[in-house]
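Encoded as C-alpha cells, the structure appears first; notes follow it.
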Amino acid sequence: MRGEAQRLSAQLEAAFTEIERLKPIYCRAISQLETHAVPNLSAQSAGKWFELYLRVADLGVQIRRGEIRHRTKQHFTHPCMHNTGTKGAVHSGLSIDDGNAIYLLMETRELAKERRLSQWFIRIDGLDRDDIGQLDKKLSSCLDHFLELRSAYYVRLELNGKDPHEELLALGETGVDASQKNQVLVKTSRQCFGPKKCSCKEDAEPWNGFALKPGDPHTEPRSSNGVVNSAVLAQKEDVGILDIKRQWGFGDNGDRDTDAAALARDAAELAQRRKPRRVVTSSGGGVRLAPSAKNLYIQKCEENGTKPKPHMQTILTVRNGSLQLNLSQVGFHPADDLQDLRFGHCANSYDPHAYAKVSSASAFVAYPFPNVLTSLL
C-alpha cells in the first residue's frame with residue numbers, strides 16, 4: 001500500500017510539473033492563432049491557418065488527455081491512468097485526466113491523508129477549470145471567429161468531422177460559371193496521429209515565427225475579362241455591425257425584431273457569460289473529480305473568505321465509501337453561520353444515497369437549519 005501511494009503521488013507531482021511547463025506554451029500558441037485570424041486571406045492561407053490550429057489543438061489534447069501525436073525527445077515512463085483518450089494512442093501519463101484519475105484512486109483506497117487530498121483537489125480543479133479550461137475555451141472561440149471571417153478569395157469555410165478527424169474546406173469559384181461557387185479550393189486535415197508516423201521535427205513549435213498576409217496575388221478574384229474585381233474585394237473587406245457584435249462576444253441569434261429587444265437579449269447573454277460554470281472543452285470529455293461534500297465545503301469557505309472548521313471537515317469526511325453525518329454536539333446558531341458554512345449545500349451536493357447515518361441527537365440549531373436537516377433524512 002505504501003509503495004503504491006508513493007508511486008501514484010510521484011506520478012501526480014510529475015503531471016503537475018508537465019502541465020505547468022506546457023501551459024505558457026499553449027497560451028502563446030493560441031495568441032499566434034488569434035493574431036493571424038484576419039479577414040481576406042487566400043484559400044491557401046486559410047488552410048495554413050487551420051494546419052496551425054490543428055497543431056495547437058494537439059497540444060491541448062496532450063495537456064488534457066496526455067495523447068502524444070508528434071515526434072518528441074521526451075521519454076514517458078508513467079502509465080496512462082484513464083480511458084478517455086483515443087484508442088491505441090501514445091500517452092504520457094502526465095495529463096489533467098491522469099491527475100484526476102490518480103486523485104480518485106487515492107481517495108477511494110485512502111492512500112493519502114485528507115489534508116493532502118484536499119490540496120491536490122484544489123490544485124487539479126484550478127488547472128482543469130481556471131487555467132487550461134479557459135485556454136481551451138479561448139482556442140474554441142478563436143476557431144469560431146476564424147470561420148466567420150470574410151474573404152474575397154473564397155465564398156465560405158466549412159468545418160467537418162470531430163477530433164482527431166477534423167477537416168476544413170475552403171469553398172469558392174473555380175471559373176466564370178456561377179454554378180461553380182461551391183467547388184473545393186483547399187482541403188486541410190490532420191496528418192499526424194502519433195509520433196511514429198509524424199513528419200514534423202522533434203518538439204517542433206510551428207507557432208513560433210508563424211505569419212500570414214491578407215491576399216495572395218496568385219489567387220486574386222478576377223472578372224470574366226481578367227481584371228481584378230475591386231468592388232467585390234471592397235464588399236468583402238467591409239465590416240458590418242454583426243461582425244463587430246461577434247467580436248465582442250454576442251452571437252448572431254437570427255433576425256432581431258426591434259433594437260430594444262436586441263439590447264435586452266445582448267444584456268442577457270452578457271449576464272449569462274458572467275455566471276460561473278463548468279468549462280466544456282474542445283478536446284473531448286475527461287475524468288472529472290467527484291464533488292465530495294468535504295471538498296465543496298472547503299471551496300465554499302474559500303469563496304466566502306472564511307477558514308474551514310476542523311470539526312466540519314471531520315463530519316464531511318467519507319468513510320468506508322459512505323458519508324456519515326454525525327451532528328452530535330454541533331451547534332449552528334445564527335443564520336449567518338449557516339450561510340458561512342454552506343453545510344446544507346455541501347451535503348446535498350454529495351450523493352444522497354451514500355448516507356449511512358445522520359445523527360442529530362444532541363445537535364442544537366437555529367430555526368433555518370431544521371429544513372436543511374430534514375432534506376438529508
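FYI, nothing fancy with the C-alpha cells labels: chains A, B, ... in order, residues from 1 per chain, ligands from 1 as they appear.
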Residues near Leu185 (chain A), anyone? I mean within 9 Å using only C-alpha atoms, not counting same-chain ones fewer than 4 positions away, as a PDB file with C-alpha atoms, in the first residue's frame.
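Result written to part_22.pdb:
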```pdb
ATOM      1  CA  ALA A  43      -7.822  29.907 -49.590  1.00  0.00           C
ATOM      2  CA  GLN A  44      -4.264  28.579 -49.263  1.00  0.00           C
ATOM      3  CA  TYR A 154     -13.307  32.110 -51.268  1.00  0.00           C
ATOM      4  CA  LEU A 169     -12.879  23.034 -46.773  1.00  0.00           C
ATOM      5  CA  ALA A 170     -12.394  26.408 -48.450  1.00  0.00           C
ATOM      6  CA  LEU A 171     -15.210  26.674 -50.986  1.00  0.00           C
ATOM      7  CA  GLY A 172     -15.403  29.125 -53.868  1.00  0.00           C
ATOM      8  CA  GLU A 173     -15.460  29.701 -57.613  1.00  0.00           C
ATOM      9  CA  THR A 174     -13.105  27.864 -59.943  1.00  0.00           C
TER      10      THR A 174
END
```
- Message: Quick one: residues within 7 Å of Leu94 (chain A), only C-alpha atoms, excluding same-chain residues fewer than 2 positions away - as an MDAnalysis selection string?
- Response: chainID A and resid 14:15 18 66 92 98
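One distance worth recording is that between CA of Ser199 (chain A) and CA of Val184 (chain A), which is 25.3 Å.
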Please provide as a PDB file with C-alpha atoms, in the first residue's frame all residues within 12 Å of Leu157 (chain A), with the sequence filter that same-chain residues fewer than 5 positions apart are discarded (counting only C-alpha atoms).
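part03.pdb was written with the following content:
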```pdb
ATOM      1  CA  LEU A  41      -6.998  35.534 -46.547  1.00  0.00           C
ATOM      2  CA  SER A  42      -6.456  33.440 -49.632  1.00  0.00           C
ATOM      3  CA  ALA A  43      -7.822  29.907 -49.590  1.00  0.00           C
ATOM      4  CA  GLN A  44      -4.264  28.579 -49.263  1.00  0.00           C
ATOM      5  CA  ALA A  46      -6.775  29.815 -44.646  1.00  0.00           C
ATOM      6  CA  GLY A  47      -5.613  26.213 -44.992  1.00  0.00           C
ATOM      7  CA  PHE A  50      -6.113  25.664 -39.922  1.00  0.00           C
ATOM      8  CA  LEU A 143     -11.777  28.916 -34.401  1.00  0.00           C
ATOM      9  CA  ASP A 144     -15.395  30.117 -34.378  1.00  0.00           C
ATOM     10  CA  HIS A 145     -14.227  33.660 -35.115  1.00  0.00           C
ATOM     11  CA  PHE A 146     -11.974  32.481 -37.948  1.00  0.00           C
ATOM     12  CA  LEU A 147     -14.763  30.531 -39.634  1.00  0.00           C
ATOM     13  CA  GLU A 148     -16.929  33.669 -39.711  1.00  0.00           C
ATOM     14  CA  LEU A 149     -14.305  35.889 -41.369  1.00  0.00           C
ATOM     15  CA  ARG A 150     -14.954  37.065 -44.915  1.00  0.00           C
ATOM     16  CA  SER A 151     -12.591  36.882 -47.853  1.00  0.00           C
ATOM     17  CA  GLU A 167     -11.362  18.758 -41.929  1.00  0.00           C
ATOM     18  CA  LEU A 168     -11.560  22.310 -43.286  1.00  0.00           C
ATOM     19  CA  LEU A 169     -12.879  23.034 -46.773  1.00  0.00           C
ATOM     20  CA  ALA A 170     -12.394  26.408 -48.450  1.00  0.00           C
ATOM     21  CA  LEU A 171     -15.210  26.674 -50.986  1.00  0.00           C
ATOM     22  CA  GLY A 172     -15.403  29.125 -53.868  1.00  0.00           C
ATOM     23  CA  ASN A 182     -19.202  25.648 -54.107  1.00  0.00           C
ATOM     24  CA  GLN A 183     -16.137  23.976 -55.557  1.00  0.00           C
ATOM     25  CA  VAL A 184     -13.430  22.903 -53.084  1.00  0.00           C
ATOM     26  CA  LEU A 185     -10.455  25.224 -53.435  1.00  0.00           C
ATOM     27  CA  VAL A 186      -8.408  23.912 -50.491  1.00  0.00           C
ATOM     28  CA  LYS A 187      -8.886  20.890 -48.252  1.00  0.00           C
ATOM     29  CA  THR A 188      -6.950  20.697 -44.972  1.00  0.00           C
TER      30      THR A 188
END
```
- Might you pull out every residue within 9 Å of Glu67 (chain A), with only C-alpha atoms counted and same-chain residues fewer than 4 positions away left off, and present them as a PyMOL selection string? chain A and resi 58-59+61-63+85-86+89-93+95+194
- Task: Report the distance between CA of Lys201 (chain A) and CA of His70 (chain A) in Å, rounded to one decimal place.
- Result: 8.4 Å
- CA of Thr314 (chain A) and CA of Leu111 (chain A) are how many Å apart? 17.3 Å
- Task: Could you tell me which of A:Ala5, A:Asn295, A:His311, A:Tyr103 comes closest to Ser118 (chain A) if we count only C-alpha atoms?
- Result: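 Of the candidates, the smallest distance to Ser118 (chain A) is held by A:Asn295.
Minimum atom-to-atom distance to Gln134 (chain A), evaluated using only C-alpha atoms, belongs to A:Gly60 out of A:Gly161, A:Gly60, A:Pro39, A:Pro308.
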- Message: Which of region 140-186 of chain A end up as strand (DSSP E) when DSSP is run on this backbone - answer as number ranges by chain?
- Response: A: 156-160, 167-172, 183-186
- Item | A:Gly88, A:Pro164, A:Pro206, A:Gly99 ranked by distance to Glu13 (chain A), top pick (using only C-alpha atoms) |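 Of all the options, A:Gly99 lies closest to Glu13 (chain A).
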